[in-house]
Amino acid sequence: ANPEPKPVRELTEASPIKIGFAQVGLESGWRLAHTNSVINAAKEENIELIYENALQKQDKQIEFIRQFIASKVDFIVFSPVVKTGWDEVLLEAKQAGIPVILSDREVKVSDDSLWTAYIGSDFVEEGRRAARWLVHEIDDSSVPVNIVELQGTKDSDPAVGRKQGFEEIIRSEPNYRIVQSMQGDFTLQSGKKLMLEALAAHGSDIDVVYAHNDDMALGAIEAIEQYGLRPGRDIKLISIDATRAALKALGTGKLNFVVECNPLLGPQLMKAVKDYMAGKELPMKIITSEGVFTQETAKRELATREY
Ligand code: GYE
């Protein structure tokens, strides 16, 4: 899906590689770690990075991408807030001969030659891992399992994939029921607000919360405590990312299981950019390998976790 290979220009100190990076927002601990990783990796490689932050607004992201095209960057990198609606602006980038690298979220466009490479995680698999743990943990097909799902940003790649993978596994468990599935935006505040609503509707009938990221799970923990129940005991919680805050919550028993999603994509991104400039063809998808954490295994990881 690489666009027309453009003549690789001679790189000198005076004309370093220039990347326009349209970050999606400031919504989560994961996101802050990702931003820092990209900025630091660019510095390390003497790559010029123009950083813009769209604060979870698609029109802002499109505006920044257009600015990058106008200022003739060598690469455009962005983490699309939602999957669809990118065809037009990506066609403009392609026509300008600027390769686009998707960092951590994919797009759905009519023509996949509009983007060059995707670097990030397999969200469907993350959802499956979350559900597999639950099925294994409960290990009883006679008890009803009532689940509240706190989804990430509507129509975003991680929210769609994490929902799909989770449902795929619990579909064959007749005693499992998603009693409420709500759309948030990956922030702690949205997780807390939605969980308070779910508790008002279902109270102590809720057995499990499946949150699409740590921040929403941390918000749900606050809501459960405020409601007078014990997170991790009265209601089990599962989340995705594995930031320090979540590993700590595993350690105190308020969270039960976390699927890892790696935000430290900066070095791989810079490598891809340099490879492309050197005339190498990039793999279309560069998928990061990731683990999972339980209350027992979180502690050791915490000692070295940077974010
Ligand atoms: O899981 C969430 C963030 O796109 C993989 O976005 C990323 C997700 C991450 O806000 O915390």
# chains A, B, ... in the order shown; residues from 1 in each chain; ligands from 1
call {"tool": "residues_near_ligand", "arguments": {"ligand": "ligand 1", "cutoff": "6 Å", "atoms": "only C-alpha atoms and all ligand atoms", "output": "NGL selection string"}}
result
:A and (27-28 or 30-31 or 104-105 or 158 or 186 or 213 or 241)
call {"tool": "residues_around", "arguments": {"residues": "range 129-135 of chain A", "least_positions_apart": "2", "cutoff": "9 Å", "atoms": "only C-alpha atoms", "output": "list in words"}}
result
Val124, Glu125, Glu126, Gly127, Glu137, Ile138, Asp139, Asp140, Ser141, Arg162, Gly165, Phe166, Glu167, Glu168, Ile169, Ile170, Glu173, Val208, Tyr210, Ile238, Ser239, Ile240, Phe257, Val258, Val259 and Val292 of chain A
call {"tool": "write_last_selection", "arguments": {"atoms": "C-alpha atoms", "output": "CSV table (one decimal), in the first residue's frame"}}
result
chain,number,residue,atom,x,y,z
A,124,VAL,CA,-9.5,-7.6,18.8
A,125,GLU,CA,-7.0,-9.9,20.4
A,126,GLU,CA,-6.8,-7.6,23.5
A,127,GLY,CA,-10.6,-7.9,23.8
A,137,GLU,CA,-11.4,-17.0,36.5
A,138,ILE,CA,-15.1,-17.6,37.0
A,139,ASP,CA,-14.9,-21.2,35.9
A,140,ASP,CA,-18.6,-21.9,36.6
A,141,SER,CA,-21.2,-22.1,34.0
A,162,ARG,CA,-11.9,-4.4,22.0
A,165,GLY,CA,-12.9,-9.5,20.6
A,166,PHE,CA,-14.6,-9.6,24.1
A,167,GLU,CA,-18.0,-10.5,22.6
A,168,GLU,CA,-16.5,-13.1,20.4
A,169,ILE,CA,-15.4,-15.1,23.5
A,170,ILE,CA,-18.3,-14.6,25.8
A,173,GLU,CA,-20.9,-18.6,27.6
A,208,VAL,CA,-18.0,-7.4,36.3
A,210,TYR,CA,-15.0,-4.4,31.4
A,238,ILE,CA,-10.9,-5.7,33.9
A,239,SER,CA,-9.1,-3.0,31.8
A,240,ILE,CA,-6.7,-2.5,29.0
A,257,PHE,CA,-7.0,-8.1,35.4
A,258,VAL,CA,-5.2,-5.8,32.9
A,259,VAL,CA,-4.4,-6.5,29.3
A,292,VAL,CA,-1.3,-9.5,30.5
call {"tool": "select_by_dssp", "arguments": {"residues": "range 37-156 of chain A", "states": "strand (DSSP E or B)", "output": "list in words"}}
result
Glu48, Leu49, Ile50, Tyr51, Glu52, Asn53, Phe75, Ile76, Val77, Phe78, Val100, Ile101, Leu102, Ser103, Ala117, Tyr118, Ile119, Gly120, Val145, Asn146, Ile147, Val148, Glu149, Leu150 and Gln151 of chain A
call {"tool": "closest_residue", "arguments": {"among": "A:Leu229, A:Val82, A:Leu218, A:Ala272", "to": "Pro99 in chain A", "atoms": "only C-alpha atoms"}}
result
A:Ala272
call {"tool": "residues_around", "arguments": {"residues": "Gly29 in chain A", "least_positions_apart": "5", "cutoff": "10 Å", "atoms": "only C-alpha atoms", "output": "short mmCIF file (atom, residue, chain, number, x, y, z; two decimals) with C-alpha atoms, in the first residue's frame"}}
result
data_model
loop_
_atom_site.label_atom_id
_atom_site.label_comp_id
_atom_site.auth_asym_id
_atom_site.auth_seq_id
_atom_site.Cartn_x
_atom_site.Cartn_y
_atom_site.Cartn_z
CA HIS A 34 2.74 7.71 23.71
CA PHE A 186 -11.21 6.88 27.31
CA THR A 187 -11.09 9.45 30.14
CA LEU A 188 -11.31 8.78 33.88
CA ASN A 213 -8.85 1.38 29.04
CA ASP A 214 -7.27 1.90 32.46
CA ASP A 215 -8.44 5.45 32.94
CA ASP A 241 -3.35 -0.59 28.73
CA ALA A 242 -1.40 -1.45 31.92
CA THR A 243 -0.17 1.97 32.97
CA ARG A 244 1.45 2.42 36.39
CA ALA A 245 -1.83 3.64 37.87
CA ALA A 246 -3.55 0.42 36.80
CA PRO A 263 2.30 3.08 24.11
CA TYR A 307 4.51 5.26 32.49
#
call {"tool": "atom_distance", "arguments": {"atom1": "CA of Lys299 in chain A", "atom2": "CA of Gly253 in chain A"}}
result
11.3 Å
call {"tool": "select_by_dssp", "arguments": {"residues": "range 173-234 of chain A", "states": "helix (DSSP H, G or I)", "output": "ChimeraX atom specification"}}
result
/A:188-205,214-227
call {"tool": "write_last_selection", "arguments": {"atoms": "N, CA and C atoms", "output": "mmCIF file, in the first residue's frame"}}
result
data_model
loop_
_atom_site.group_PDB
_atom_site.id
_atom_site.type_symbol
_atom_site.label_atom_id
_atom_site.label_comp_id
_atom_site.auth_asym_id
_atom_site.auth_seq_id
_atom_site.Cartn_x
_atom_site.Cartn_y
_atom_site.Cartn_z
ATOM 1 N N LEU A 188 -10.899 9.197 32.541
ATOM 2 C CA LEU A 188 -11.315 8.777 33.879
ATOM 3 C C LEU A 188 -12.700 9.341 34.207
ATOM 4 N N GLN A 189 -12.896 10.605 33.870
ATOM 5 C CA GLN A 189 -14.178 11.249 34.161
ATOM 6 C C GLN A 189 -15.337 10.514 33.505
ATOM 7 N N SER A 190 -15.159 10.118 32.240
ATOM 8 C CA SER A 190 -16.269 9.430 31.566
ATOM 9 C C SER A 190 -16.508 8.063 32.200
ATOM 10 N N GLY A 191 -15.443 7.386 32.606
ATOM 11 C CA GLY A 191 -15.603 6.082 33.250
ATOM 12 C C GLY A 191 -16.392 6.203 34.545
ATOM 13 N N LYS A 192 -16.095 7.236 35.305
ATOM 14 C CA LYS A 192 -16.776 7.428 36.593
ATOM 15 C C LYS A 192 -18.257 7.756 36.379
ATOM 16 N N LYS A 193 -18.491 8.669 35.464
ATOM 17 C CA LYS A 193 -19.863 9.106 35.201
ATOM 18 C C LYS A 193 -20.728 7.935 34.704
ATOM 19 N N LEU A 194 -20.194 7.176 33.749
ATOM 20 C CA LEU A 194 -20.963 6.064 33.195
ATOM 21 C C LEU A 194 -21.196 4.978 34.239
ATOM 22 N N MET A 195 -20.188 4.740 35.063
ATOM 23 C CA MET A 195 -20.333 3.695 36.081
ATOM 24 C C MET A 195 -21.372 4.090 37.120
ATOM 25 N N LEU A 196 -21.426 5.370 37.469
ATOM 26 C CA LEU A 196 -22.456 5.811 38.417
ATOM 27 C C LEU A 196 -23.838 5.568 37.824
ATOM 28 N N GLU A 197 -23.968 5.795 36.533
ATOM 29 C CA GLU A 197 -25.256 5.534 35.859
ATOM 30 C C GLU A 197 -25.584 4.043 35.892
ATOM 31 N N ALA A 198 -24.573 3.222 35.599
ATOM 32 C CA ALA A 198 -24.800 1.768 35.589
ATOM 33 C C ALA A 198 -25.183 1.264 36.977
ATOM 34 N N LEU A 199 -24.535 1.804 38.002
ATOM 35 C CA LEU A 199 -24.855 1.394 39.372
ATOM 36 C C LEU A 199 -26.263 1.825 39.749
ATOM 37 N N ALA A 200 -26.651 3.009 39.302
ATOM 38 C CA ALA A 200 -28.014 3.475 39.603
ATOM 39 C C ALA A 200 -29.037 2.537 38.963
ATOM 40 N N ALA A 201 -28.712 1.989 37.810
ATOM 41 C CA ALA A 201 -29.653 1.115 37.099
ATOM 42 C C ALA A 201 -29.601 -0.332 37.587
ATOM 43 N N HIS A 202 -28.423 -0.834 37.911
ATOM 44 C CA HIS A 202 -28.288 -2.273 38.208
ATOM 45 C C HIS A 202 -27.722 -2.598 39.588
ATOM 46 N N GLY A 203 -27.178 -1.592 40.262
ATOM 47 C CA GLY A 203 -26.663 -1.772 41.624
ATOM 48 C C GLY A 203 -25.791 -2.994 41.806
ATOM 49 N N SER A 204 -26.055 -3.730 42.879
ATOM 50 C CA SER A 204 -25.181 -4.857 43.220
ATOM 51 C C SER A 204 -25.428 -6.093 42.342
ATOM 52 N N ASP A 205 -26.317 -5.965 41.333
ATOM 53 C CA ASP A 205 -26.449 -7.067 40.370
ATOM 54 C C ASP A 205 -25.243 -7.138 39.445
ATOM 55 N N ASP A 214 -7.522 1.767 31.012
ATOM 56 C CA ASP A 214 -7.265 1.902 32.456
ATOM 57 C C ASP A 214 -7.983 3.097 33.058
ATOM 58 N N ASP A 215 -7.894 4.225 32.353
ATOM 59 C CA ASP A 215 -8.445 5.448 32.936
ATOM 60 C C ASP A 215 -9.937 5.299 33.231
ATOM 61 N N MET A 216 -10.665 4.681 32.308
ATOM 62 C CA MET A 216 -12.095 4.486 32.562
ATOM 63 C C MET A 216 -12.313 3.512 33.713
ATOM 64 N N ALA A 217 -11.442 2.505 33.839
ATOM 65 C CA ALA A 217 -11.559 1.565 34.963
ATOM 66 C C ALA A 217 -11.284 2.289 36.282
ATOM 67 N N LEU A 218 -10.298 3.197 36.267
ATOM 68 C CA LEU A 218 -9.982 3.929 37.498
ATOM 69 C C LEU A 218 -11.150 4.828 37.892
ATOM 70 N N GLY A 219 -11.815 5.401 36.906
ATOM 71 C CA GLY A 219 -13.018 6.195 37.170
ATOM 72 C C GLY A 219 -14.132 5.312 37.732
ATOM 73 N N ALA A 220 -14.260 4.101 37.177
ATOM 74 C CA ALA A 220 -15.296 3.172 37.644
ATOM 75 C C ALA A 220 -15.022 2.749 39.092
ATOM 76 N N ILE A 221 -13.748 2.591 39.432
ATOM 77 C CA ILE A 221 -13.384 2.240 40.822
ATOM 78 C C ILE A 221 -13.895 3.320 41.775
ATOM 79 N N GLU A 222 -13.673 4.582 41.393
ATOM 80 C CA GLU A 222 -14.163 5.692 42.237
ATOM 81 C C GLU A 222 -15.678 5.634 42.387
ATOM 82 N N ALA A 223 -16.353 5.343 41.286
ATOM 83 C CA ALA A 223 -17.820 5.296 41.313
ATOM 84 C C ALA A 223 -18.310 4.169 42.224
ATOM 85 N N ILE A 224 -17.670 3.010 42.121
ATOM 86 C CA ILE A 224 -18.087 1.847 42.919
ATOM 87 C C ILE A 224 -17.892 2.133 44.411
ATOM 88 N N GLU A 225 -16.765 2.778 44.736
ATOM 89 C CA GLU A 225 -16.503 3.113 46.138
ATOM 90 C C GLU A 225 -17.529 4.123 46.648
ATOM 91 N N GLN A 226 -17.801 5.099 45.807
ATOM 92 C CA GLN A 226 -18.780 6.123 46.179
ATOM 93 C C GLN A 226 -20.151 5.479 46.418
ATOM 94 N N TYR A 227 -20.452 4.449 45.687
ATOM 95 C CA TYR A 227 -21.747 3.755 45.802
ATOM 96 C C TYR A 227 -21.777 2.838 47.032
#
call {"tool": "closest_residue", "arguments": {"among": "A:Gly97, A:Pro80, A:Gly25, A:Gly232", "to": "Gln295 in chain A", "atoms": "only C-alpha atoms"}}
result
A:Gly232
call {"tool": "decode", "arguments": {"residues": "range 62-75 of chain A", "atoms": "N, CA and C atoms", "output": "PDB file, in the first residue's frame"}}
result
ATOM      1  N   ILE A  62      -7.962  16.859  10.983  1.00  0.00           N
ATOM      2  CA  ILE A  62      -7.943  17.090   9.534  1.00  0.00           C
ATOM      3  C   ILE A  62      -7.257  18.430   9.222  1.00  0.00           C
ATOM      4  N   GLU A  63      -7.589  19.418  10.029  1.00  0.00           N
ATOM      5  CA  GLU A  63      -6.982  20.743   9.835  1.00  0.00           C
ATOM      6  C   GLU A  63      -5.451  20.667   9.981  1.00  0.00           C
ATOM      7  N   PHE A  64      -4.985  19.962  10.990  1.00  0.00           N
ATOM      8  CA  PHE A  64      -3.531  19.843  11.195  1.00  0.00           C
ATOM      9  C   PHE A  64      -2.874  19.081  10.033  1.00  0.00           C
ATOM     10  N   ILE A  65      -3.537  18.030   9.570  1.00  0.00           N
ATOM     11  CA  ILE A  65      -2.965  17.264   8.457  1.00  0.00           C
ATOM     12  C   ILE A  65      -2.836  18.163   7.224  1.00  0.00           C
ATOM     13  N   ARG A  66      -3.845  18.986   6.989  1.00  0.00           N
ATOM     14  CA  ARG A  66      -3.774  19.924   5.845  1.00  0.00           C
ATOM     15  C   ARG A  66      -2.621  20.918   6.018  1.00  0.00           C
ATOM     16  N   GLN A  67      -2.418  21.358   7.250  1.00  0.00           N
ATOM     17  CA  GLN A  67      -1.277  22.275   7.493  1.00  0.00           C
ATOM     18  C   GLN A  67       0.039  21.569   7.202  1.00  0.00           C
ATOM     19  N   PHE A  68       0.119  20.303   7.589  1.00  0.00           N
ATOM     20  CA  PHE A  68       1.361  19.553   7.340  1.00  0.00           C
ATOM     21  C   PHE A  68       1.600  19.405   5.838  1.00  0.00           C
ATOM     22  N   ILE A  69       0.541  19.156   5.097  1.00  0.00           N
ATOM     23  CA  ILE A  69       0.684  19.027   3.639  1.00  0.00           C
ATOM     24  C   ILE A  69       1.197  20.344   3.068  1.00  0.00           C
ATOM     25  N   ALA A  70       0.593  21.444   3.531  1.00  0.00           N
ATOM     26  CA  ALA A  70       0.990  22.769   3.019  1.00  0.00           C
ATOM     27  C   ALA A  70       2.446  23.071   3.352  1.00  0.00           C
ATOM     28  N   SER A  71       2.907  22.612   4.518  1.00  0.00           N
ATOM     29  CA  SER A  71       4.297  22.945   4.858  1.00  0.00           C
ATOM     30  C   SER A  71       5.273  21.870   4.368  1.00  0.00           C
ATOM     31  N   LYS A  72       4.785  20.964   3.509  1.00  0.00           N
ATOM     32  CA  LYS A  72       5.640  19.997   2.814  1.00  0.00           C
ATOM     33  C   LYS A  72       6.519  19.168   3.758  1.00  0.00           C
ATOM     34  N   VAL A  73       5.875  18.552   4.751  1.00  0.00           N
ATOM     35  CA  VAL A  73       6.627  17.639   5.620  1.00  0.00           C
ATOM     36  C   VAL A  73       7.002  16.387   4.823  1.00  0.00           C
ATOM     37  N   ASP A  74       7.932  15.600   5.353  1.00  0.00           N
ATOM     38  CA  ASP A  74       8.297  14.339   4.680  1.00  0.00           C
ATOM     39  C   ASP A  74       7.313  13.228   5.009  1.00  0.00           C
ATOM     40  N   PHE A  75       6.749  13.269   6.242  1.00  0.00           N
ATOM     41  CA  PHE A  75       5.799  12.232   6.678  1.00  0.00           C
ATOM     42  C   PHE A  75       4.684  12.869   7.490  1.00  0.00           C
TER      43      PHE A  75
END
